[in-house]
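Participant: File run36.txt follows (compact mmCIF, C-alpha atoms):
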# COMPACT_ATOMS: atom_id res chain seq x y z
CA MET A 944 -8.98 19.75 2.44
CA SER A 945 -11.55 17.72 4.32
CA ALA A 946 -13.70 14.72 3.54
CA ASP A 947 -17.35 14.40 4.39
CA ARG A 948 -17.80 11.92 7.22
CA GLN A 949 -21.04 10.80 5.56
CA ASP A 950 -18.81 9.18 2.95
CA TRP A 951 -17.53 6.68 5.51
CA PRO A 952 -18.29 3.16 4.18
CA ALA A 953 -21.14 1.25 5.79
CA GLY A 954 -20.23 -1.76 7.90
CA VAL A 955 -16.68 -0.57 8.59
CA ASP A 956 -15.50 0.72 11.99
CA ARG A 957 -12.71 3.13 12.85
CA LEU A 958 -10.50 3.92 15.81
CA ILE A 959 -8.37 7.07 16.05
CA LEU A 960 -5.49 6.88 18.54
CA PRO A 961 -3.32 9.82 19.64
CA GLU A 962 -0.29 7.50 19.74
CA THR A 963 0.69 3.85 19.51
CA ASP A 964 3.81 1.83 18.86
CA SER A 965 2.59 0.66 15.46
CA THR A 966 -0.87 0.48 13.92
CA MET A 967 0.11 -2.94 12.57
CA ALA A 968 0.92 -4.17 16.07
CA GLU A 969 -2.20 -2.49 17.45
CA GLY A 970 -4.29 -4.26 14.83
CA ALA A 971 -2.75 -7.65 15.61
CA ARG A 972 -3.34 -7.18 19.33
CA ARG A 973 -6.98 -6.21 18.89
CA ALA A 974 -7.90 -8.47 15.95
CA ALA A 975 -9.65 -11.12 18.04
CA ALA A 976 -12.03 -8.53 19.50
CA PHE A 977 -13.30 -7.20 16.15
CA THR A 978 -16.19 -8.63 14.19
CA ALA A 979 -16.46 -5.94 11.50
CA PRO A 980 -13.51 -4.57 9.48
CA ILE A 981 -11.91 -1.67 11.31
CA TRP A 982 -9.42 1.05 10.41
CA ILE A 983 -6.99 1.92 13.21
CA CYS A 984 -5.34 5.31 12.65
CA ALA A 985 -2.61 6.72 14.89
CA LEU A 986 -1.55 10.36 14.94
CA ALA A 987 1.88 9.29 16.17
CA GLN A 988 3.83 6.03 16.04
CA THR A 989 6.84 5.19 18.18
CA ALA A 990 7.84 1.96 16.40
CA GLY A 991 6.36 1.95 12.91
CA ARG A 992 7.31 -0.96 10.66
CA GLY A 993 7.98 -1.35 6.97
CA ARG A 994 8.71 -4.38 4.81
CA ARG A 995 11.27 -6.99 5.90
CA GLY A 996 11.45 -5.65 9.43
CA ARG A 997 12.63 -2.17 8.46
CA ALA A 998 11.65 0.79 10.58
CA TRP A 999 9.04 3.22 9.19
CA ALA A 1000 9.68 6.77 10.34
CA MET A 1001 6.66 8.99 10.91
CA PRO A 1002 7.26 12.75 11.20
CA ALA A 1003 4.44 14.78 12.73
CA GLY A 1004 1.43 15.24 10.47
CA ASN A 1005 2.01 12.11 8.43
CA PHE A 1006 -0.48 9.28 8.03
CA ALA A 1007 -0.37 5.82 9.60
CA ALA A 1008 -3.32 3.44 9.63
CA SER A 1009 -4.06 -0.26 9.46
CA LEU A 1010 -7.17 -2.05 8.31
CA VAL A 1011 -8.02 -5.21 10.26
CA MET A 1012 -10.30 -7.61 8.42
CA ARG A 1013 -11.30 -11.27 8.23
CA PRO A 1014 -11.09 -12.15 4.55
CA ALA A 1015 -12.55 -15.25 3.00
CA GLY A 1016 -10.32 -17.44 0.88
CA PRO A 1017 -6.78 -18.84 1.13
CA PRO A 1018 -3.65 -16.87 2.13
CA ALA A 1019 -2.57 -16.34 -1.49
CA GLN A 1020 -5.85 -14.58 -2.24
CA ALA A 1021 -5.61 -12.47 0.90
CA ALA A 1022 -2.14 -11.35 -0.15
CA LEU A 1023 -3.53 -9.86 -3.37
CA ARG A 1024 -5.15 -7.16 -1.27
CA SER A 1025 -1.85 -5.32 -1.40
CA PHE A 1026 -2.90 -4.37 -4.95
CA VAL A 1027 -6.41 -3.47 -3.75
CA ALA A 1028 -4.84 -1.21 -1.14
CA ALA A 1029 -2.49 0.38 -3.69
CA LEU A 1030 -5.35 1.28 -6.01
CA ALA A 1031 -7.44 2.63 -3.14
CA LEU A 1032 -4.51 4.69 -1.90
CA ARG A 1033 -3.83 6.14 -5.33
CA ASP A 1034 -7.51 7.02 -5.80
CA ALA A 1035 -7.61 8.71 -2.39
CA LEU A 1036 -4.59 10.80 -3.33
CA VAL A 1037 -6.12 11.75 -6.67
CA ALA A 1038 -9.34 12.73 -4.88
CA VAL A 1039 -7.38 14.97 -2.51
CA THR A 1040 -5.21 16.63 -5.17
CA GLY A 1041 -7.23 16.40 -8.38
CA ARG A 1042 -4.05 15.29 -10.13
CA ALA A 1043 -4.07 11.76 -11.51
CA GLU A 1044 -0.97 12.02 -13.70
CA VAL A 1045 1.56 12.45 -10.87
CA PHE A 1046 0.82 9.21 -8.96
CA THR A 1047 2.17 5.81 -10.02
CA LEU A 1048 2.38 2.38 -8.41
CA LYS A 1049 5.69 0.62 -7.71
CA TRP A 1050 5.66 -3.15 -7.30
CA PRO A 1051 5.07 -4.61 -4.83
CA ASN A 1052 3.79 -2.04 -2.34
CA ASP A 1053 4.65 1.63 -2.91
CA VAL A 1054 2.85 4.68 -4.25
CA LEU A 1055 5.03 7.26 -5.99
CA LEU A 1056 4.47 10.99 -6.44
CA ASN A 1057 6.49 12.66 -9.21
CA GLY A 1058 8.73 9.58 -9.12
CA GLY A 1059 9.53 9.80 -5.39
CA LYS A 1060 8.28 7.47 -2.68
CA LEU A 1061 5.19 8.91 -1.04
CA ALA A 1062 3.59 5.88 0.60
CA GLY A 1063 4.10 2.24 1.51
CA ILE A 1064 1.85 -0.73 2.20
CA LEU A 1065 2.50 -3.72 4.45
CA LEU A 1066 0.38 -6.85 4.91
CA GLU A 1067 0.52 -9.30 7.82
CA SER A 1068 -1.83 -12.19 8.47
CA SER A 1069 -2.52 -14.81 11.10
CA GLY A 1070 -4.20 -18.18 10.75
CA ALA A 1071 -3.62 -21.90 10.40
CA ALA A 1072 -4.52 -24.89 8.24
CA GLY A 1073 -4.57 -22.87 5.03
CA ARG A 1074 -6.94 -20.19 6.25
CA VAL A 1075 -6.54 -16.55 7.23
CA ASP A 1076 -8.12 -15.66 10.56
CA ALA A 1077 -7.11 -12.00 10.44
CA LEU A 1078 -5.44 -9.76 7.87
CA VAL A 1079 -3.83 -6.44 8.82
CA ILE A 1080 -3.13 -3.99 5.99
CA GLY A 1081 -0.84 -1.18 7.11
CA ILE A 1082 -0.48 2.06 5.14
CA GLY A 1083 1.91 4.93 5.72
CA VAL A 1084 1.79 8.19 3.76
CA ASN A 1085 4.12 11.19 3.94
CA LEU A 1086 1.35 13.75 4.08
CA ALA A 1087 3.32 16.56 5.69
CA ALA A 1088 7.04 15.69 5.80
CA THR A 1089 9.66 13.21 4.66
CA PRO A 1090 11.73 10.95 6.92
CA ASP A 1091 15.49 11.34 7.32
CA THR A 1092 17.11 10.30 4.02
CA ALA A 1093 20.16 9.06 5.95
CA LEU A 1094 18.06 6.04 6.95
CA LEU A 1095 17.51 4.95 3.34
CA GLU A 1096 19.04 1.86 1.78
CA ALA A 1097 21.57 2.57 -0.97
CA GLY A 1098 19.79 2.99 -4.30
CA ALA A 1099 16.35 3.42 -2.72
CA LEU A 1100 13.99 6.04 -4.09
CA ALA A 1101 14.11 9.38 -2.33
CA PRO A 1102 11.03 10.07 -0.21
CA VAL A 1103 8.65 12.92 -1.00
CA SER A 1104 5.71 14.43 0.85
CA LEU A 1105 2.28 15.44 -0.36
CA LEU A 1106 2.70 18.92 1.09
CA GLY A 1107 6.18 19.38 -0.36
CA GLU A 1108 5.22 18.29 -3.88
CA THR A 1109 1.72 19.74 -4.18
CA GLY A 1110 1.34 22.33 -1.43
CA ILE A 1111 -1.81 20.55 -0.22
CA THR A 1112 -2.49 20.06 3.48
CA ILE A 1113 -4.84 17.39 4.81
CA THR A 1114 -5.24 15.91 8.27
CA PRO A 1115 -4.71 12.19 8.81
CA GLU A 1116 -8.33 11.84 9.96
CA ASP A 1117 -9.69 13.39 6.76
CA PHE A 1118 -7.32 11.38 4.59
CA LEU A 1119 -8.51 8.21 6.31
CA THR A 1120 -12.08 8.95 5.21
CA HIS A 1121 -10.99 9.22 1.58
CA LEU A 1122 -8.92 6.05 1.85
CA ALA A 1123 -11.61 3.97 3.55
CA GLN A 1124 -14.17 5.01 0.95
CA HIS A 1125 -11.96 4.02 -1.99
CA PHE A 1126 -10.78 0.81 -0.34
CA ALA A 1127 -14.38 -0.30 0.17
CA ARG A 1128 -15.06 0.27 -3.54
CA TRP A 1129 -12.02 -1.70 -4.73
CA GLU A 1130 -12.63 -4.44 -2.16
CA ALA A 1131 -16.15 -4.90 -3.52
CA GLN A 1132 -14.68 -5.16 -7.01
CA PHE A 1133 -12.17 -7.76 -5.83
CA THR A 1134 -14.66 -9.93 -3.97
CA THR A 1135 -17.18 -9.77 -6.82
CA HIS A 1136 -14.98 -10.08 -9.91
CA GLY A 1137 -11.68 -11.48 -8.63
CA PHE A 1138 -8.15 -10.26 -9.27
CA GLY A 1139 -8.49 -9.70 -13.03
CA PRO A 1140 -9.90 -6.13 -12.92
CA ILE A 1141 -7.56 -5.24 -10.04
CA ARG A 1142 -4.55 -6.49 -12.01
CA SER A 1143 -5.59 -4.53 -15.12
CA ALA A 1144 -6.13 -1.29 -13.18
CA TRP A 1145 -2.84 -1.69 -11.32
CA LEU A 1146 -0.89 -2.24 -14.56
CA GLN A 1147 -2.45 0.88 -16.08
CA ASN A 1148 -0.85 2.91 -13.30
CA ALA A 1149 2.41 0.97 -12.88
CA ALA A 1150 5.73 2.80 -12.66
CA ARG A 1151 8.48 1.87 -15.14
CA ILE A 1152 6.50 -0.73 -17.07
CA GLY A 1153 8.38 -1.51 -20.29
CA GLN A 1154 11.64 -0.26 -18.76
CA ASN A 1155 14.62 -1.94 -17.14
CA ILE A 1156 14.45 -2.44 -13.38
CA THR A 1157 16.39 -4.52 -10.86
CA ALA A 1158 14.73 -6.98 -8.49
CA ARG A 1159 16.88 -7.63 -5.44
CA MET A 1160 16.18 -10.78 -3.44
CA MET A 1161 17.88 -12.05 -0.29
CA ARG A 1162 20.68 -13.84 -2.17
CA ASP A 1163 20.33 -12.73 -5.77
CA GLU A 1164 19.28 -9.89 -8.03
CA ILE A 1165 17.79 -9.88 -11.51
CA THR A 1166 17.74 -7.00 -13.98
CA GLY A 1167 15.32 -7.02 -16.88
CA THR A 1168 12.44 -5.29 -18.61
CA PHE A 1169 9.32 -4.96 -16.49
CA VAL A 1170 6.68 -6.76 -18.59
CA GLU A 1171 3.70 -7.21 -16.27
CA ILE A 1172 2.43 -8.78 -13.09
CA ASP A 1173 0.91 -12.23 -13.50
CA THR A 1174 -2.40 -13.56 -12.21
CA GLN A 1175 -0.83 -14.25 -8.81
CA GLY A 1176 0.54 -10.70 -8.51
CA GLN A 1177 4.12 -11.80 -9.20
CA LEU A 1178 6.55 -9.57 -11.09
CA VAL A 1179 7.43 -10.70 -14.63
CA LEU A 1180 10.75 -9.55 -16.12
CA GLU A 1181 12.14 -10.18 -19.60
CA THR A 1182 15.84 -10.94 -19.15
CA PRO A 1183 18.69 -12.23 -21.35
CA LYS A 1184 17.87 -15.68 -19.92
CA GLY A 1185 14.20 -15.41 -20.82
CA ARG A 1186 11.14 -14.41 -18.82
CA GLN A 1187 11.50 -14.69 -15.08
CA THR A 1188 8.73 -14.54 -12.50
CA ILE A 1189 9.53 -13.09 -9.09
CA ALA A 1190 7.31 -13.57 -6.04
CA ALA A 1191 9.07 -11.23 -3.60
CA ALA A 1192 11.86 -8.68 -3.99
CA ASP A 1193 12.87 -5.08 -3.49
CA ILE A 1194 12.77 -3.11 -6.73
CA PHE A 1195 15.39 -0.58 -7.78
CA PHE A 1196 15.22 1.80 -10.72
Would you put the structure from the file into structure tokens?

Facilitator:
Amino acid sequence: MSADRQDWPAGVDRLILPETDSTMAEGARRAAAFTAPIWICALAQTAGRGRRGRAWAMPAGNFAASLVMRPAGPPAQAALRSFVAALALRDALVAVTGRAEVFTLKWPNDVLLNGGKLAGILLESSGAAGRVDALVIGIGVNLAATPDTALLEAGALAPVSLLGETGITITPEDFLTHLAQHFARWEAQFTTHGFGPIRSAWLQNAARIGQNITARMMRDEITGTFVEIDTQGQLVLETPKGRQTIAAADIFF
């Protein structure tokens, strides 16, 4: 399935690389040279990164891209673009497959397909004095194949691929066009109306809301009912000790 290149959003650049170490690292290295937002897509990565320094494996045919942008506003506001990216990624996948019911969003940064992990999102920023000079939003999607399950952390969701679950084939370049188009739409919503509409849309597509989940931090873990995300994008759990708000954690079902 292909996307029409005329759908590429105005005012946004793109760079397709045959190979790089990491699109996140590539974006950080090149950020100072860019004036407009730019998507950097690599057809192969030799050192892809996930959250908390974990490696991100990329079998051939999978998708890896990073958006480099210069957002206005403080770091906390820039960080909310992980939810913008999640909604854009889900919409791109629905556009490709025509199947909205199979994709859900897992706090803080994953997209699930039939309950398995299909995609991940990673944000990194640079700046000083309470400002963000550059934001890099990295996205990896198992379009064609899944990574080695032996590399997974105990209790982590099993990975799935778009091809394996739906039988649909799409090139990384064509998927990037879908993604960039939907990100531009959600970004306009965010900059115009704030986080409220983003939060509402994300919660409508959240995985396991109303169910028990476990949030695992560096030194602690909390199990409770997933109630919502708050206005800062933090996870809210109802526990035997009352409601608890969690800023950062790995989530286990």

Participant: Could you check which of A:Asp1193, A:Asp956, A:Glu962, A:Asp1034 is closest to A:Ala1144, using all atoms listed in the file?

Facilitator: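 Residue with the minimum atom-to-atom distance to A:Ala1144: A:Asp1034.
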
Participant: Rounded to one decimal in Å, what is the spacing between atom CA of A:Arg972 and atom CA of A:Ala987?

Facilitator: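 So the answer is 17.6 Å.
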
Participant: What's the 9 Å shell around A:Gln1154, counting only C-alpha atoms, without same-chain residues fewer than 6 positions away, as a ChimeraX atom specification?

Facilitator: /A:1167-1170

Participant: Please write as a list in words the list of polymer residues whose atoms come within 10 Å of (-8.2, 17.4, -0.2), counting all atoms listed in the file and keeping to the coordinates of the file.

Facilitator: Met944, Ser945, Ala946, Ala1035, Leu1036, Val1037, Ala1038, Val1039, Thr1040, Gly1041, Ile1111, Thr1112, Ile1113, Thr1114, Asp1117, Phe1118 and His1121 of chain A

Participant: With C-alpha atoms retained, write the just-selected residues as a compact mmCIF listing (two decimals), in the frame of the given file.

Facilitator:
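And here is the file that came out, part.txt:
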# COMPACT_ATOMS: atom_id res chain seq x y z
CA MET A 944 -8.98 19.75 2.44
CA SER A 945 -11.55 17.72 4.32
CA ALA A 946 -13.70 14.72 3.54
CA ALA A 1035 -7.61 8.71 -2.39
CA LEU A 1036 -4.59 10.80 -3.33
CA VAL A 1037 -6.12 11.75 -6.67
CA ALA A 1038 -9.34 12.73 -4.88
CA VAL A 1039 -7.38 14.97 -2.51
CA THR A 1040 -5.21 16.63 -5.17
CA GLY A 1041 -7.23 16.40 -8.38
CA ILE A 1111 -1.81 20.55 -0.22
CA THR A 1112 -2.49 20.06 3.48
CA ILE A 1113 -4.84 17.39 4.81
CA THR A 1114 -5.24 15.91 8.27
CA ASP A 1117 -9.69 13.39 6.76
CA PHE A 1118 -7.32 11.38 4.59
CA HIS A 1121 -10.99 9.22 1.58

Participant: Using only C-alpha atoms, which residues sit within 9 Å of stretch 1049-1063 of chain A once same-chain residues fewer than 2 positions away are excluded, as number ranges by chain?

Facilitator: A: 993-994, 1025-1026, 1028-1029, 1032-1033, 1044-1047, 1065, 1081-1086, 1089, 1100-1105, 1108, 1148-1151, 1172, 1176-1178, 1191-1194

Participant: Quick one: of A:Lys1184, A:Arg1024, A:Arg1162, A:Arg1142, who's nearest to A:Ala1127, counting all atoms listed in the file?

Facilitator: A:Arg1024

Participant: Counting all atoms listed in the file, I want the residues whose atoms come within 12 Å of (-11.2, -18.6, -2.4) in the file frame, returned as a PyMOL selection string.

Facilitator: chain A and resi 1014-1023+1073-1075+1133-1138

Participant: Restricting the output to C-alpha atoms, write the selected residues as a PDB file, in the coordinates of the input.

Facilitator:
ATOM      1  CA  PRO A1014     -11.090 -12.150   4.550  1.00  0.00           C
ATOM      2  CA  ALA A1015     -12.550 -15.250   3.000  1.00  0.00           C
ATOM      3  CA  GLY A1016     -10.320 -17.440   0.880  1.00  0.00           C
ATOM      4  CA  PRO A1017      -6.780 -18.840   1.130  1.00  0.00           C
ATOM      5  CA  PRO A1018      -3.650 -16.870   2.130  1.00  0.00           C
ATOM      6  CA  ALA A1019      -2.570 -16.340  -1.490  1.00  0.00           C
ATOM      7  CA  GLN A1020      -5.850 -14.580  -2.240  1.00  0.00           C
ATOM      8  CA  ALA A1021      -5.610 -12.470   0.900  1.00  0.00           C
ATOM      9  CA  ALA A1022      -2.140 -11.350  -0.150  1.00  0.00           C
ATOM     10  CA  LEU A1023      -3.530  -9.860  -3.370  1.00  0.00           C
ATOM     11  CA  GLY A1073      -4.570 -22.870   5.030  1.00  0.00           C
ATOM     12  CA  ARG A1074      -6.940 -20.190   6.250  1.00  0.00           C
ATOM     13  CA  VAL A1075      -6.540 -16.550   7.230  1.00  0.00           C
ATOM     14  CA  PHE A1133     -12.170  -7.760  -5.830  1.00  0.00           C
ATOM     15  CA  THR A1134     -14.660  -9.930  -3.970  1.00  0.00           C
ATOM     16  CA  THR A1135     -17.180  -9.770  -6.820  1.00  0.00           C
ATOM     17  CA  HIS A1136     -14.980 -10.080  -9.910  1.00  0.00           C
ATOM     18  CA  GLY A1137     -11.680 -11.480  -8.630  1.00  0.00           C
ATOM     19  CA  PHE A1138      -8.150 -10.260  -9.270  1.00  0.00           C
TER      20      PHE A1138
END

Participant: Counting all atoms listed in the file, figure out which residue out of A:Ile1080, A:Leu1146, A:Cys984, A:Val1179 gets nearest to A:Phe1126.

Facilitator: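 Among the listed residues, A:Ile1080 lies closest to A:Phe1126.
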
Participant: Residues near A:Gly970, anyone? I mean within 8 Å using all atoms listed in the file, not counting same-chain ones fewer than 2 positions away, as a list of chain:residue names.

Facilitator: A:Thr966, A:Met967, A:Ala968, A:Arg972, A:Arg973, A:Ala974, A:Ile983, A:Ser1009, A:Leu1010, A:Val1011, A:Val1079

Participant: Would you work out the distance separating atom CA of A:Asp1076 from atom CA of A:Arg1128, expressed in Å to one decimal?

Facilitator: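 Calculated distance between atom CA of A:Asp1076 and atom CA of A:Arg1128 is 22.4 Å.
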
Participant: Rounded to one decimal in Å, what is the spacing between atom CA of A:Ala1000 and atom CA of A:Ala1099?

Facilitator: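 These two atoms are separated by 15.0 Å.
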
Participant: Could you tell me which of A:Glu1181, A:Glu1130, A:Asp964, A:Glu1116 comes closest to A:Thr1157 if we count all atoms listed in the file?

Facilitator: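 Checking each candidate against A:Thr1157, we get A:Glu1181 as the closest.
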
Participant: Under the rule that all atoms listed in the file are counted, which of A:Leu1048, A:Val1027, A:Gly1185, A:Gly1110 is the nearest residue to A:Gly1139?

Facilitator: A:Val1027

Participant: Can you tell me which residues surround A:Trp951 at a distance of at most 7 Å, considering only C-alpha atoms, apart from same-chain residues fewer than 6 positions away, and format the answer as a VMD selection string?

Facilitator: chain A and resid 1120 1123 to 1124

Participant: List the spatial neighbours of A:Leu986 as an MDAnalysis selection string - criterion: any atom at most 9 Å away, all atoms listed in the file, same-chain residues fewer than 2 positions off excluded.

Facilitator: chainID A and resid 959:963 984 988 1003:1008 1115:1116

Participant: Because some atoms of stretch 1034-1058 of chain A are absent here, can you restore N, CA, C and O atoms and send them as a PDB file, keeping the file's coordinate frame?

Facilitator:
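So the final result, stored in part-v2.pdb, reads:
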ATOM      1  N   ASP A1034      -6.255   6.304  -5.562  1.00  0.00           N
ATOM      2  CA  ASP A1034      -7.510   7.020  -5.800  1.00  0.00           C
ATOM      3  C   ASP A1034      -7.781   8.066  -4.728  1.00  0.00           C
ATOM      4  O   ASP A1034      -8.298   9.154  -5.014  1.00  0.00           O
ATOM      5  N   ALA A1035      -7.441   7.735  -3.477  1.00  0.00           N
ATOM      6  CA  ALA A1035      -7.610   8.710  -2.390  1.00  0.00           C
ATOM      7  C   ALA A1035      -6.729   9.931  -2.623  1.00  0.00           C
ATOM      8  O   ALA A1035      -7.159  11.074  -2.425  1.00  0.00           O
ATOM      9  N   LEU A1036      -5.515   9.693  -3.071  1.00  0.00           N
ATOM     10  CA  LEU A1036      -4.590  10.800  -3.330  1.00  0.00           C
ATOM     11  C   LEU A1036      -5.049  11.647  -4.514  1.00  0.00           C
ATOM     12  O   LEU A1036      -4.937  12.880  -4.489  1.00  0.00           O
ATOM     13  N   VAL A1037      -5.579  10.997  -5.531  1.00  0.00           N
ATOM     14  CA  VAL A1037      -6.120  11.750  -6.670  1.00  0.00           C
ATOM     15  C   VAL A1037      -7.324  12.573  -6.238  1.00  0.00           C
ATOM     16  O   VAL A1037      -7.490  13.728  -6.654  1.00  0.00           O
ATOM     17  N   ALA A1038      -8.167  11.994  -5.368  1.00  0.00           N
ATOM     18  CA  ALA A1038      -9.340  12.730  -4.880  1.00  0.00           C
ATOM     19  C   ALA A1038      -8.920  13.977  -4.097  1.00  0.00           C
ATOM     20  O   ALA A1038      -9.560  15.032  -4.199  1.00  0.00           O
ATOM     21  N   VAL A1039      -7.855  13.854  -3.339  1.00  0.00           N
ATOM     22  CA  VAL A1039      -7.380  14.970  -2.510  1.00  0.00           C
ATOM     23  C   VAL A1039      -6.744  16.060  -3.361  1.00  0.00           C
ATOM     24  O   VAL A1039      -6.914  17.257  -3.098  1.00  0.00           O
ATOM     25  N   THR A1040      -5.991  15.668  -4.397  1.00  0.00           N
ATOM     26  CA  THR A1040      -5.210  16.630  -5.170  1.00  0.00           C
ATOM     27  C   THR A1040      -5.835  17.032  -6.495  1.00  0.00           C
ATOM     28  O   THR A1040      -5.510  18.094  -7.034  1.00  0.00           O
ATOM     29  N   GLY A1041      -6.708  16.159  -7.050  1.00  0.00           N
ATOM     30  CA  GLY A1041      -7.230  16.400  -8.380  1.00  0.00           C
ATOM     31  C   GLY A1041      -6.218  16.176  -9.485  1.00  0.00           C
ATOM     32  O   GLY A1041      -6.442  16.571 -10.639  1.00  0.00           O
ATOM     33  N   ARG A1042      -5.126  15.487  -9.167  1.00  0.00           N
ATOM     34  CA  ARG A1042      -4.050  15.290 -10.130  1.00  0.00           C
ATOM     35  C   ARG A1042      -3.743  13.799 -10.278  1.00  0.00           C
ATOM     36  O   ARG A1042      -3.028  13.218  -9.470  1.00  0.00           O
ATOM     37  N   ALA A1043      -4.268  13.193 -11.310  1.00  0.00           N
ATOM     38  CA  ALA A1043      -4.070  11.760 -11.510  1.00  0.00           C
ATOM     39  C   ALA A1043      -2.712  11.432 -12.105  1.00  0.00           C
ATOM     40  O   ALA A1043      -2.145  10.366 -11.848  1.00  0.00           O
ATOM     41  N   GLU A1044      -2.156  12.342 -12.906  1.00  0.00           N
ATOM     42  CA  GLU A1044      -0.970  12.020 -13.700  1.00  0.00           C
ATOM     43  C   GLU A1044       0.312  11.910 -12.865  1.00  0.00           C
ATOM     44  O   GLU A1044       1.309  11.337 -13.336  1.00  0.00           O
ATOM     45  N   VAL A1045       0.309  12.403 -11.638  1.00  0.00           N
ATOM     46  CA  VAL A1045       1.560  12.450 -10.870  1.00  0.00           C
ATOM     47  C   VAL A1045       1.757  11.228  -9.973  1.00  0.00           C
ATOM     48  O   VAL A1045       2.831  11.057  -9.391  1.00  0.00           O
ATOM     49  N   PHE A1046       0.738  10.366  -9.858  1.00  0.00           N
ATOM     50  CA  PHE A1046       0.820   9.210  -8.960  1.00  0.00           C
ATOM     51  C   PHE A1046       0.965   7.917  -9.752  1.00  0.00           C
ATOM     52  O   PHE A1046       0.184   7.643 -10.671  1.00  0.00           O
ATOM     53  N   THR A1047       1.968   7.125  -9.398  1.00  0.00           N
ATOM     54  CA  THR A1047       2.170   5.810 -10.020  1.00  0.00           C
ATOM     55  C   THR A1047       2.389   4.769  -8.930  1.00  0.00           C
ATOM     56  O   THR A1047       2.642   5.102  -7.770  1.00  0.00           O
ATOM     57  N   LEU A1048       2.302   3.498  -9.339  1.00  0.00           N
ATOM     58  CA  LEU A1048       2.380   2.380  -8.410  1.00  0.00           C
ATOM     59  C   LEU A1048       3.660   1.585  -8.664  1.00  0.00           C
ATOM     60  O   LEU A1048       3.934   1.193  -9.794  1.00  0.00           O
ATOM     61  N   LYS A1049       4.425   1.355  -7.614  1.00  0.00           N
ATOM     62  CA  LYS A1049       5.690   0.620  -7.710  1.00  0.00           C
ATOM     63  C   LYS A1049       5.530  -0.743  -7.053  1.00  0.00           C
ATOM     64  O   LYS A1049       5.178  -0.821  -5.879  1.00  0.00           O
ATOM     65  N   TRP A1050       5.761  -1.792  -7.836  1.00  0.00           N
ATOM     66  CA  TRP A1050       5.660  -3.150  -7.300  1.00  0.00           C
ATOM     67  C   TRP A1050       6.710  -3.346  -6.204  1.00  0.00           C
ATOM     68  O   TRP A1050       7.833  -2.882  -6.340  1.00  0.00           O
ATOM     69  N   PRO A1051       6.378  -4.016  -5.080  1.00  0.00           N
ATOM     70  CA  PRO A1051       5.070  -4.610  -4.830  1.00  0.00           C
ATOM     71  C   PRO A1051       4.132  -3.742  -3.999  1.00  0.00           C
ATOM     72  O   PRO A1051       2.953  -4.070  -3.907  1.00  0.00           O
ATOM     73  N   ASN A1052       4.635  -2.625  -3.391  1.00  0.00           N
ATOM     74  CA  ASN A1052       3.790  -2.040  -2.340  1.00  0.00           C
ATOM     75  C   ASN A1052       3.941  -0.544  -2.130  1.00  0.00           C
ATOM     76  O   ASN A1052       3.596  -0.047  -1.064  1.00  0.00           O
ATOM     77  N   ASP A1053       4.435   0.199  -3.103  1.00  0.00           N
ATOM     78  CA  ASP A1053       4.650   1.630  -2.910  1.00  0.00           C
ATOM     79  C   ASP A1053       3.786   2.469  -3.840  1.00  0.00           C
ATOM     80  O   ASP A1053       3.430   2.026  -4.936  1.00  0.00           O
ATOM     81  N   VAL A1054       3.482   3.677  -3.397  1.00  0.00           N
ATOM     82  CA  VAL A1054       2.850   4.680  -4.250  1.00  0.00           C
ATOM     83  C   VAL A1054       3.843   5.815  -4.424  1.00  0.00           C
ATOM     84  O   VAL A1054       4.402   6.322  -3.433  1.00  0.00           O
ATOM     85  N   LEU A1055       4.065   6.213  -5.679  1.00  0.00           N
ATOM     86  CA  LEU A1055       5.030   7.260  -5.990  1.00  0.00           C
ATOM     87  C   LEU A1055       4.313   8.550  -6.378  1.00  0.00           C
ATOM     88  O   LEU A1055       3.225   8.516  -6.960  1.00  0.00           O
ATOM     89  N   LEU A1056       4.943   9.662  -6.051  1.00  0.00           N
ATOM     90  CA  LEU A1056       4.470  10.990  -6.440  1.00  0.00           C
ATOM     91  C   LEU A1056       5.617  11.697  -7.133  1.00  0.00           C
ATOM     92  O   LEU A1056       6.691  11.873  -6.541  1.00  0.00           O
ATOM     93  N   ASN A1057       5.420  12.056  -8.407  1.00  0.00           N
ATOM     94  CA  ASN A1057       6.490  12.660  -9.210  1.00  0.00           C
ATOM     95  C   ASN A1057       7.766  11.814  -9.167  1.00  0.00           C
ATOM     96  O   ASN A1057       8.877  12.337  -9.173  1.00  0.00           O
ATOM     97  N   GLY A1058       7.601  10.498  -9.101  1.00  0.00           N
ATOM     98  CA  GLY A1058       8.730   9.580  -9.120  1.00  0.00           C
ATOM     99  C   GLY A1058       9.386   9.323  -7.782  1.00  0.00           C
ATOM    100  O   GLY A1058      10.285   8.480  -7.674  1.00  0.00           O
TER     101      GLY A1058
END
